[in-house]
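Reproduced below: final-v8.cif, with mmCIF, C-alpha atoms and all ligand atoms.
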data_target
loop_
_atom_site.label_atom_id
_atom_site.label_comp_id
_atom_site.auth_asym_id
_atom_site.auth_seq_id
_atom_site.Cartn_x
_atom_site.Cartn_y
_atom_site.Cartn_z
CA MET F 1 -2.75 -28.14 8.53
CA VAL F 2 0.75 -29.02 7.36
CA ILE F 3 1.82 -27.76 3.91
CA THR F 4 3.57 -30.35 1.74
CA ASN F 5 5.36 -30.32 -1.62
CA ASP F 6 2.18 -31.84 -3.10
CA ASP F 7 0.22 -28.77 -1.99
CA ILE F 8 2.72 -26.51 -3.75
CA GLU F 9 2.45 -28.60 -6.94
CA THR F 10 -1.36 -28.49 -6.74
CA LEU F 11 -1.22 -24.71 -6.42
CA ALA F 12 1.02 -24.47 -9.50
CA LYS F 13 -1.45 -26.65 -11.46
CA LYS F 14 -4.45 -24.56 -10.36
CA ILE F 15 -2.66 -21.39 -11.46
CA GLU F 16 -1.89 -22.92 -14.87
CA GLN F 17 -5.53 -24.06 -15.26
CA ALA F 18 -6.74 -20.53 -14.50
CA ARG F 19 -4.20 -19.04 -16.92
CA THR F 20 -5.48 -21.28 -19.74
CA ALA F 21 -9.20 -21.03 -18.95
CA LEU F 22 -9.33 -17.28 -18.30
CA PRO F 23 -7.20 -15.43 -20.86
CA HIS F 24 -8.83 -12.09 -19.93
CA ILE F 25 -7.05 -12.09 -16.57
CA THR F 26 -3.61 -13.23 -17.79
CA SER F 27 -2.00 -9.97 -16.67
CA LEU F 28 -3.35 -10.34 -13.12
CA ILE F 29 -2.25 -13.98 -12.94
CA ASN F 30 1.20 -13.08 -14.27
CA ALA F 31 1.52 -10.31 -11.70
CA PHE F 32 0.35 -12.13 -8.58
CA SER F 33 0.98 -15.85 -9.13
CA PRO F 34 4.74 -15.73 -8.35
CA LEU F 35 3.85 -14.14 -4.98
CA MET F 36 1.23 -16.88 -4.37
CA MET F 37 3.80 -19.59 -5.12
CA ASP F 38 6.48 -17.94 -2.99
CA LYS F 39 4.05 -17.48 -0.12
CA GLY F 40 3.14 -21.18 -0.23
CA ARG F 41 6.79 -22.26 -0.33
CA TRP F 42 7.78 -19.85 2.45
CA LEU F 43 4.91 -20.98 4.70
CA MET F 44 6.02 -24.57 4.15
CA GLU F 45 9.62 -23.66 4.97
CA VAL F 46 8.80 -21.87 8.25
CA GLN F 47 5.97 -24.07 9.49
CA GLU F 48 8.17 -25.64 12.19
CA TYR F 49 8.73 -22.22 13.67
CA ALA F 50 5.80 -21.08 15.79
CA LYS F 51 5.91 -18.30 18.30
CA LYS F 52 2.33 -18.66 19.54
CA PHE F 53 0.17 -15.66 20.26
CA THR F 54 -1.91 -15.91 23.46
CA VAL F 55 -5.58 -15.43 22.66
CA ASP F 56 -7.78 -13.80 25.31
CA PRO F 57 -11.15 -15.59 24.89
CA VAL F 58 -13.09 -12.82 26.67
CA GLN F 59 -11.75 -10.03 24.45
CA TYR F 60 -12.17 -12.29 21.45
CA HIS F 61 -15.79 -12.92 22.31
CA ASP F 62 -16.32 -9.15 22.53
CA GLY F 63 -15.13 -8.76 18.93
CA LYS F 64 -11.54 -7.68 19.56
CA PRO F 65 -9.27 -9.14 16.87
CA LEU F 66 -5.88 -10.56 17.91
CA SER F 67 -4.07 -7.61 16.30
CA GLN F 68 -5.71 -5.36 18.92
CA GLN F 69 -5.10 -7.72 21.83
CA GLY F 70 -1.32 -7.40 21.68
CA GLN F 71 1.70 -7.38 19.36
CA LEU F 72 1.22 -10.05 16.70
CA PHE F 73 4.71 -9.58 15.28
CA SER F 74 7.96 -10.24 17.08
CA PRO F 75 11.56 -9.43 16.05
CA ASP F 76 12.28 -13.19 16.34
CA ASP F 77 9.83 -14.06 13.55
CA PRO F 78 11.42 -15.28 10.29
CA TRP F 79 11.61 -11.81 8.71
CA LYS F 80 14.70 -12.40 6.63
CA SER F 81 13.32 -15.38 4.72
CA ALA F 82 9.95 -13.61 4.39
CA GLY F 83 11.61 -10.50 2.92
CA LEU F 84 13.64 -12.54 0.45
CA ALA F 85 10.56 -14.55 -0.64
CA VAL F 86 8.46 -11.39 -1.16
CA ALA F 87 11.24 -9.64 -3.09
CA ARG F 88 11.61 -12.67 -5.35
CA GLY F 89 7.84 -12.91 -5.96
CA ILE F 90 7.57 -9.21 -6.78
CA SER F 91 10.51 -9.23 -9.18
CA LEU F 92 8.99 -12.14 -11.10
CA GLY F 93 5.46 -10.68 -11.20
CA PHE F 94 6.32 -7.02 -11.67
CA PRO F 95 9.30 -6.80 -14.06
CA ASN F 96 9.46 -3.00 -13.59
CA ALA F 97 10.25 -3.57 -9.92
CA ALA F 98 12.94 -6.21 -10.52
CA ARG F 99 15.90 -3.83 -10.22
CA ASP F 100 14.65 -2.41 -6.93
CA MET F 101 13.92 -5.88 -5.58
CA THR F 102 17.41 -7.11 -6.45
CA ALA F 103 18.90 -4.17 -4.55
CA LEU F 104 16.62 -4.80 -1.56
CA SER F 105 17.32 -8.56 -1.55
CA SER F 106 21.07 -8.07 -1.33
CA GLN F 107 20.63 -5.70 1.64
CA ILE F 108 18.34 -8.23 3.37
CA ALA F 109 20.62 -11.16 2.59
CA ASP F 110 23.77 -9.63 4.04
CA GLY F 111 21.98 -8.29 7.13
CA ARG F 112 22.18 -4.56 6.29
CA LEU F 113 18.39 -4.40 6.26
CA ASP F 114 16.12 -5.82 8.97
CA CYS F 115 12.61 -6.33 7.55
CA TYR F 116 11.06 -6.25 11.02
CA ALA F 117 12.32 -2.67 11.43
CA LEU F 118 10.53 -1.71 8.20
CA ILE F 119 7.16 -3.33 8.75
CA ASN F 120 5.34 -0.44 10.45
CA LEU F 121 6.59 2.02 7.85
CA SER F 122 3.70 1.23 5.47
CA GLU F 123 1.34 3.09 7.83
CA LEU F 124 3.25 6.28 6.98
CA GLN F 125 2.86 5.82 3.24
CA ASP F 126 1.67 9.39 2.59
CA GLU F 127 4.20 11.05 4.85
CA ALA F 128 7.71 12.39 4.44
CA PRO F 129 9.50 9.68 6.53
CA PHE F 130 8.23 7.04 4.10
CA ALA F 131 9.61 8.83 1.05
CA SER F 132 12.95 9.51 2.74
CA ARG F 133 13.34 5.85 3.82
CA ALA F 134 12.60 4.78 0.24
CA ALA F 135 15.25 7.21 -0.98
CA GLU F 136 17.79 5.83 1.54
CA LEU F 137 17.04 2.32 0.31
CA ASP F 138 17.30 3.61 -3.27
CA ILE F 139 13.93 2.23 -4.34
CA GLU F 140 10.73 3.84 -5.66
CA PRO F 141 8.23 4.65 -2.86
CA GLU F 142 5.35 2.80 -4.57
CA ILE F 143 7.53 -0.29 -5.00
CA LEU F 144 8.58 -0.12 -1.34
CA LEU F 145 4.90 0.09 -0.40
CA LEU F 146 4.06 -2.96 -2.54
CA PHE F 147 6.93 -4.85 -0.88
CA LEU F 148 5.77 -3.91 2.63
CA ARG F 149 2.13 -4.75 1.91
CA PHE F 150 3.10 -8.28 0.85
CA LEU F 151 5.68 -8.68 3.60
CA GLY F 152 2.90 -7.91 6.11
CA ARG F 153 0.55 -10.36 4.38
CA PHE F 154 3.13 -13.17 4.42
CA MET F 155 3.80 -12.75 8.14
CA LEU F 156 0.12 -12.27 9.05
CA THR F 157 -0.74 -15.46 7.16
CA LYS F 158 1.92 -17.30 9.16
CA LYS F 159 0.48 -15.89 12.42
CA ALA F 160 -3.10 -16.79 11.42
CA ARG F 161 -2.06 -20.36 10.56
CA ASP F 162 -0.39 -20.75 13.95
CA VAL F 163 -3.67 -20.00 15.79
CA THR F 164 -6.22 -21.56 13.39
CA ALA F 165 -6.85 -24.63 15.58
CA GLU F 166 -7.26 -22.51 18.69
CA LEU F 167 -9.66 -20.07 17.02
CA ALA F 168 -11.79 -22.93 15.67
CA LEU F 169 -12.88 -23.57 19.26
CA LEU F 170 -14.06 -19.98 19.80
CA SER F 171 -16.99 -18.14 18.24
CA TRP F 172 -16.69 -14.94 16.19
CA ALA F 173 -19.73 -13.05 14.90
CA LYS F 174 -18.09 -10.03 13.26
CA GLY F 175 -17.68 -9.19 9.59
CA TYR F 176 -14.03 -8.20 10.05
CA CYS F 177 -11.19 -10.66 10.48
CA PRO F 178 -10.69 -12.12 13.96
CA VAL F 179 -6.92 -12.21 13.46
CA CYS F 180 -5.98 -8.90 11.84
CA GLY F 181 -9.23 -6.88 11.88
CA SER F 182 -9.43 -6.38 8.08
CA PHE F 183 -12.64 -6.70 6.10
CA PRO F 184 -12.90 -9.69 3.74
CA HIS F 185 -11.91 -9.50 0.08
CA LEU F 186 -13.89 -12.62 -0.90
CA ALA F 187 -16.58 -14.99 0.36
CA ILE F 188 -16.81 -18.69 -0.47
CA LEU F 189 -20.12 -20.55 -0.20
CA ARG F 190 -19.51 -24.10 0.98
CA GLU F 191 -21.72 -27.03 2.09
CA ASN F 192 -25.29 -26.12 3.06
CA GLY F 193 -24.80 -22.64 1.64
CA GLN F 194 -22.61 -21.57 4.55
CA ARG F 195 -20.72 -18.37 3.81
CA TRP F 196 -17.02 -18.28 4.69
CA LEU F 197 -15.41 -14.84 4.62
CA GLN F 198 -11.80 -14.68 3.43
CA CYS F 199 -9.25 -12.21 4.70
CA GLY F 200 -6.99 -10.78 1.98
CA GLU F 201 -4.34 -9.80 4.53
CA CYS F 202 -3.83 -12.91 6.68
CA SER F 203 -5.76 -15.51 4.60
CA HIS F 204 -7.81 -16.49 7.65
CA GLU F 205 -11.41 -17.60 6.97
CA TRP F 206 -14.44 -17.50 9.23
CA LYS F 207 -18.10 -18.38 8.97
CA PHE F 208 -20.59 -15.50 8.74
CA SER F 209 -24.34 -15.07 8.26
CA ARG F 210 -25.26 -15.13 4.60
CA LEU F 211 -27.84 -12.36 4.81
CA GLN F 212 -25.94 -9.83 6.87
CA CYS F 213 -23.53 -7.27 5.38
CA PRO F 214 -20.04 -8.01 6.78
CA HIS F 215 -19.08 -4.36 6.39
CA CYS F 216 -21.94 -2.48 8.12
CA GLU F 217 -23.70 -5.46 9.78
CA HIS F 218 -26.94 -4.32 8.16
CA GLU F 219 -29.40 -7.15 7.52
CA ASP F 220 -32.27 -6.29 5.23
CA PRO F 221 -33.18 -8.18 2.07
CA ALA F 222 -34.40 -4.91 0.53
CA ASN F 223 -30.92 -3.34 0.72
CA THR F 224 -28.71 -6.35 0.09
CA SER F 225 -28.61 -8.68 -2.89
CA TYR F 226 -26.43 -10.96 -4.99
CA LEU F 227 -25.41 -9.89 -8.48
CA PHE F 228 -25.15 -12.64 -11.10
CA VAL F 229 -23.47 -12.23 -14.47
CA ASP F 230 -24.27 -14.09 -17.72
CA GLY F 231 -26.25 -16.84 -16.01
CA ASN F 232 -23.13 -17.92 -14.07
CA LYS F 233 -24.52 -19.22 -10.79
CA GLU F 234 -21.14 -19.94 -9.21
CA ASP F 235 -19.58 -16.51 -9.18
CA THR F 236 -21.58 -13.64 -7.75
CA ALA F 237 -21.14 -10.53 -5.67
CA PHE F 238 -22.94 -9.62 -2.48
CA THR F 239 -23.95 -5.95 -2.57
CA CYS F 240 -25.19 -3.67 0.19
CA THR F 241 -26.88 -0.38 -0.70
CA GLN F 242 -26.69 0.72 2.93
CA CYS F 243 -22.88 1.09 2.86
CA GLN F 244 -22.37 0.83 -0.94
CA ARG F 245 -19.86 -2.00 -0.52
CA TYR F 246 -19.63 -5.31 -2.35
CA LEU F 247 -18.01 -8.68 -1.73
CA VAL F 248 -17.14 -11.02 -4.59
CA THR F 249 -18.45 -14.48 -3.82
CA SER F 250 -17.72 -17.91 -5.23
CA SER F 251 -19.94 -20.95 -4.71
CA ARG F 252 -17.85 -24.10 -4.21
CA PRO F 253 -19.98 -26.57 -2.26
CA THR F 254 -18.29 -29.75 -3.46
CA GLU F 255 -14.75 -28.78 -4.40
CA LEU F 256 -12.41 -31.67 -3.69
CA HIS F 257 -9.06 -29.88 -3.61
CA GLN F 258 -9.72 -26.41 -2.33
CA THR F 259 -8.54 -23.61 -4.59
CA PRO F 260 -6.60 -20.95 -2.67
CA ALA F 261 -8.71 -17.88 -1.95
CA ASP F 262 -6.09 -15.51 -3.46
CA LEU F 263 -6.44 -17.26 -6.79
CA ILE F 264 -10.25 -17.37 -6.66
CA ALA F 265 -10.34 -13.62 -5.91
CA ILE F 266 -8.25 -12.87 -9.00
CA THR F 267 -10.45 -15.03 -11.21
CA LEU F 268 -13.41 -12.83 -10.19
CA ALA F 269 -11.77 -9.61 -11.40
CA HIS F 270 -14.50 -9.16 -14.05
CA LEU F 271 -17.01 -8.76 -11.20
CA ASP F 272 -14.83 -6.12 -9.56
CA ILE F 273 -14.94 -4.08 -12.76
CA ILE F 274 -18.74 -4.36 -13.07
CA LEU F 275 -19.39 -3.51 -9.41
CA GLN F 276 -16.99 -0.58 -9.33
CA GLU F 277 -18.61 0.80 -12.49
CA LYS F 278 -21.94 0.62 -10.64
CA GLY F 279 -20.47 2.80 -7.88
CA PHE F 280 -19.79 0.12 -5.27
CA THR F 281 -16.51 -0.09 -3.33
CA PRO F 282 -14.86 -3.41 -2.39
CA MET F 283 -15.08 -4.28 1.33
CA ALA F 284 -11.29 -4.63 1.30
CA GLU F 285 -9.23 -2.74 -1.25
CA CYS F 286 -6.39 -4.98 -2.40
CA GLU F 287 -3.90 -4.64 -5.24
CA TRP F 288 -5.83 -7.28 -7.23
CA ASN F 289 -9.25 -5.59 -7.04
CA THR F 290 -8.26 -1.96 -7.46
CA LEU F 291 -7.92 -1.35 -11.15
CA GLY F 292 -4.69 -0.64 -12.91
CA SER F 293 -2.21 -2.01 -10.39
CA PRO F 294 -0.76 -4.72 -12.67
CA GLU F 295 0.63 -1.96 -14.89
CA LEU F 296 2.78 -0.76 -11.99
ZN ZN V 301 -6.99 -11.20 8.62
ZN ZN V 302 -23.31 -2.79 4.27
#
Turn the structure described in the file into structure tokens.
Amino acid sequence: MVITNDDIETLAKKIEQARTALPHITSLINAFSPLMMDKGRWLMEVQEYAKKFTVDPVQYHDGKPLSQQGQLFSPDDPWKSAGLAVARGISLGFPNAARDMTALSSQIADGRLDCYALINLSELQDEAPFASRAAELDIEPEILLLFLRFLGRFMLTKKARDVTAELALLSWAKGYCPVCGSFPHLAILRENGQRWLQCGECSHEWKFSRLQCPHCEHEDPANTSYLFVDGNKEDTAFTCTQCQRYLVTSSRPTELHQTPADLIAITLAHLDIILQEKGFTPMAECEWNTLGSPEL
């Protein structure tokens, strides 16, 4: 689906509505909404560019996500504009990181820094090469990690969008994402109670059984349930006592203009707090559901 200026305006309105209606999550909205806006604008800007990934239907059918079928990323992808958009979003949402992001942006803009060359560095986050690269770039390691996490998400979202139509023709029965292999951070219940799992990394969504646990594939009504809070029937969390994981879930059967999943996930932060206090772990740990990150 093509992204238009109207879509970007709608996103801005939805963010403002959430900011007004849900004052208890203002800090999360302030932190992550500039990145949401910049991601939308960047995806619109690069939508003409599409270096298509070849999907192997046999491997796909066997549950092998695209990220394990071959290299999703290419050096020709629009890394420079992605890096600049992420740096801008982070500096607006995380004022403490603004200085580091300004320094990084100027290195990206004048070609001294190639974001593609950095992208696999996040896998080394606990190791010495990561810290020394951060020192070379003169930015804090945790801020570099935040930058790389979102840079990866921006590009994965672009890749997922490029193959959405193709994947719609194939069937996928796994609880992890068919594009990038991550577990979902959110589920949305749509028409006829169908459950759509949402990937927090590449923003892909796929249909999945409502009774089965996406994380451990366990299906037993005695060990899985939905937690409701304060009589609110729209926002719940699926819990599985087999693997002690949960999945925040929003029921939106008749929504006219779909709210972006990133925004919905943030509006359910109160459920994350309750579930984590009960000893459950999110199926996908993201900056917006692991407590304390907005104070970065
Ligand atoms: Zn994904
Ligand atoms: Zn489970």
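The environment of Tyr60 of chain F within 12 Å, counting all atoms listed in the file and disregarding residues fewer than 2 places along the same chain, consists of F:Thr54, F:Val55, F:Asp56, F:Pro57, F:Val58, F:Asp62, F:Gly63, F:Lys64, F:Pro65, F:Leu66, F:Ser67, F:Gln68, F:Gln69, F:Gly70, F:Glu166, F:Leu167, F:Leu169, F:Leu170, F:Ser171, F:Trp172, F:Ala173, F:Lys174, F:Cys177, F:Pro178, F:Val179, F:Cys180, F:Gly181.
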Can you tell me which residues sit at most 8 Å away from ligand ZN 301 (chain V), counting only C-alpha atoms and all ligand atoms, written as a list in words?
->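 So, counting only C-alpha atoms and all ligand atoms, the residues near ligand ZN 301 (chain V) are Leu156, Thr157, Ala160, Tyr176, Cys177, Pro178, Val179, Cys180, Gly181, Ser182, Phe183, Pro184, Gln198, Cys199, Gly200, Glu201, Cys202, Ser203, His204 and Glu205 of chain F.
Here atom CA of Arg99 of chain F is placed at a distance of 26.6 Å from atom CA of Asp77 of chain F.
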Coordinates-based distance that separates atom CA of Phe150 of chain F from atom CA of Glu48 of chain F (Å, one decimal) |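 Pair atom CA of Glu48 of chain F / atom CA of Phe150 of chain F returns 21.3 Å.
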May I ask for the distance between atom CA of Leu275 of chain F and atom CA of Arg190 of chain F, given in Å to one decimal place?
->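 Straight-line distance from atom CA of Leu275 of chain F to atom CA of Arg190 of chain F works out to 23.1 Å.
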Closest-contact table, chain F side, partner ligand ZN 302 (chain V), 6 Å, counting only C-alpha atoms and all ligand atoms, as a tab-separated table:
residue	atom	partner	partner_atom	distance
F:Cys213	CA	V:ZN302	ZN	4.6
F:His215	CA	V:ZN302	ZN	5.0
F:Cys216	CA	V:ZN302	ZN	4.1
F:His218	CA	V:ZN302	ZN	5.5
F:Cys240	CA	V:ZN302	ZN	4.6
F:Gln242	CA	V:ZN302	ZN	5.1
F:Cys243	CA	V:ZN302	ZN	4.2
F:Arg245	CA	V:ZN302	ZN	6.0
Write the residues of the preceding selection, restricted to C-alpha atoms, as a compact mmCIF listing (two decimals), in the frame of the given file.
# COMPACT_ATOMS: atom_id res chain seq x y z
CA CYS F 213 -23.53 -7.27 5.38
CA HIS F 215 -19.08 -4.36 6.39
CA CYS F 216 -21.94 -2.48 8.12
CA HIS F 218 -26.94 -4.32 8.16
CA CYS F 240 -25.19 -3.67 0.19
CA GLN F 242 -26.69 0.72 2.93
CA CYS F 243 -22.88 1.09 2.86
CA ARG F 245 -19.86 -2.00 -0.52
So which one's closest to Val2 of chain F, F:Thr236, F:Thr290, F:Gln47, F:Ser91? Using all atoms listed in the file, please.
->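 The answer is F:Gln47, which sits nearest to Val2 of chain F.
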Shortest interatomic distance to Pro260 of chain F - which of F:Gly152, F:Met1, F:Gly40, F:Lys51, counting only C-alpha atoms =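 Of the candidates, the smallest distance to Pro260 of chain F is held by F:Gly40.
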Compile the contact shell of Glu45 of chain F as a PyMOL selection string: residues with an atom at most 12 Å away, counting all atoms listed in the file, same-chain residues fewer than 4 positions apart removed.
-> chain F and resi 2-5+8+38-41+49-50+78+81-82+85+158
Please tell me which residues are no farther than 8 Å from (-21.9, 3.2, -3.7) in the file, counting all atoms listed in the file, and write them as JSON, numbers by chain.
-> {"F": [241, 243, 244, 245, 278, 279, 280, 281]}
What's the 12 Å shell around Lys13 of chain F, counting only C-alpha atoms, without same-chain residues fewer than 3 positions away, as a list of chain:residue names?
-> F:Asp6, F:Asp7, F:Ile8, F:Glu9, F:Thr10, F:Glu16, F:Gln17, F:Ala18, F:Arg19, F:Thr20, F:Ser33, F:Met37, F:His257, F:Thr259, F:Pro260, F:Leu263
Shortest interatomic distance to Trp42 of chain F - which of F:Arg133, F:Lys80, F:Arg195, F:Arg149, counting only C-alpha atoms |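 For Trp42 of chain F, the nearest of the given residues is F:Lys80.
Using all atoms listed in the file, the nearest neighbour of Phe53 of chain F within the list F:Phe73, F:Glu123, F:Val248, F:Pro34 is F:Phe73.
For segment 124-131 of chain F, the set of protein, DNA and RNA residues having any atom at most 10 Å away, when counting only C-alpha atoms and skipping those fewer than 5 positions along the same chain, is Leu118, Glu136, Leu137, Ile139, Glu140, Pro141, Glu142, Leu144 and Leu145 of chain F.
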Pick from F:Lys233, F:Arg153, F:His270, F:Lys159 nearest to Cys286 of chain F, counting only C-alpha atoms | F:Arg153
Could you check which of F:Leu121, F:Cys115, F:Ala12, F:Ala165 is closest to Leu84 of chain F, using only C-alpha atoms?
-> F:Cys115
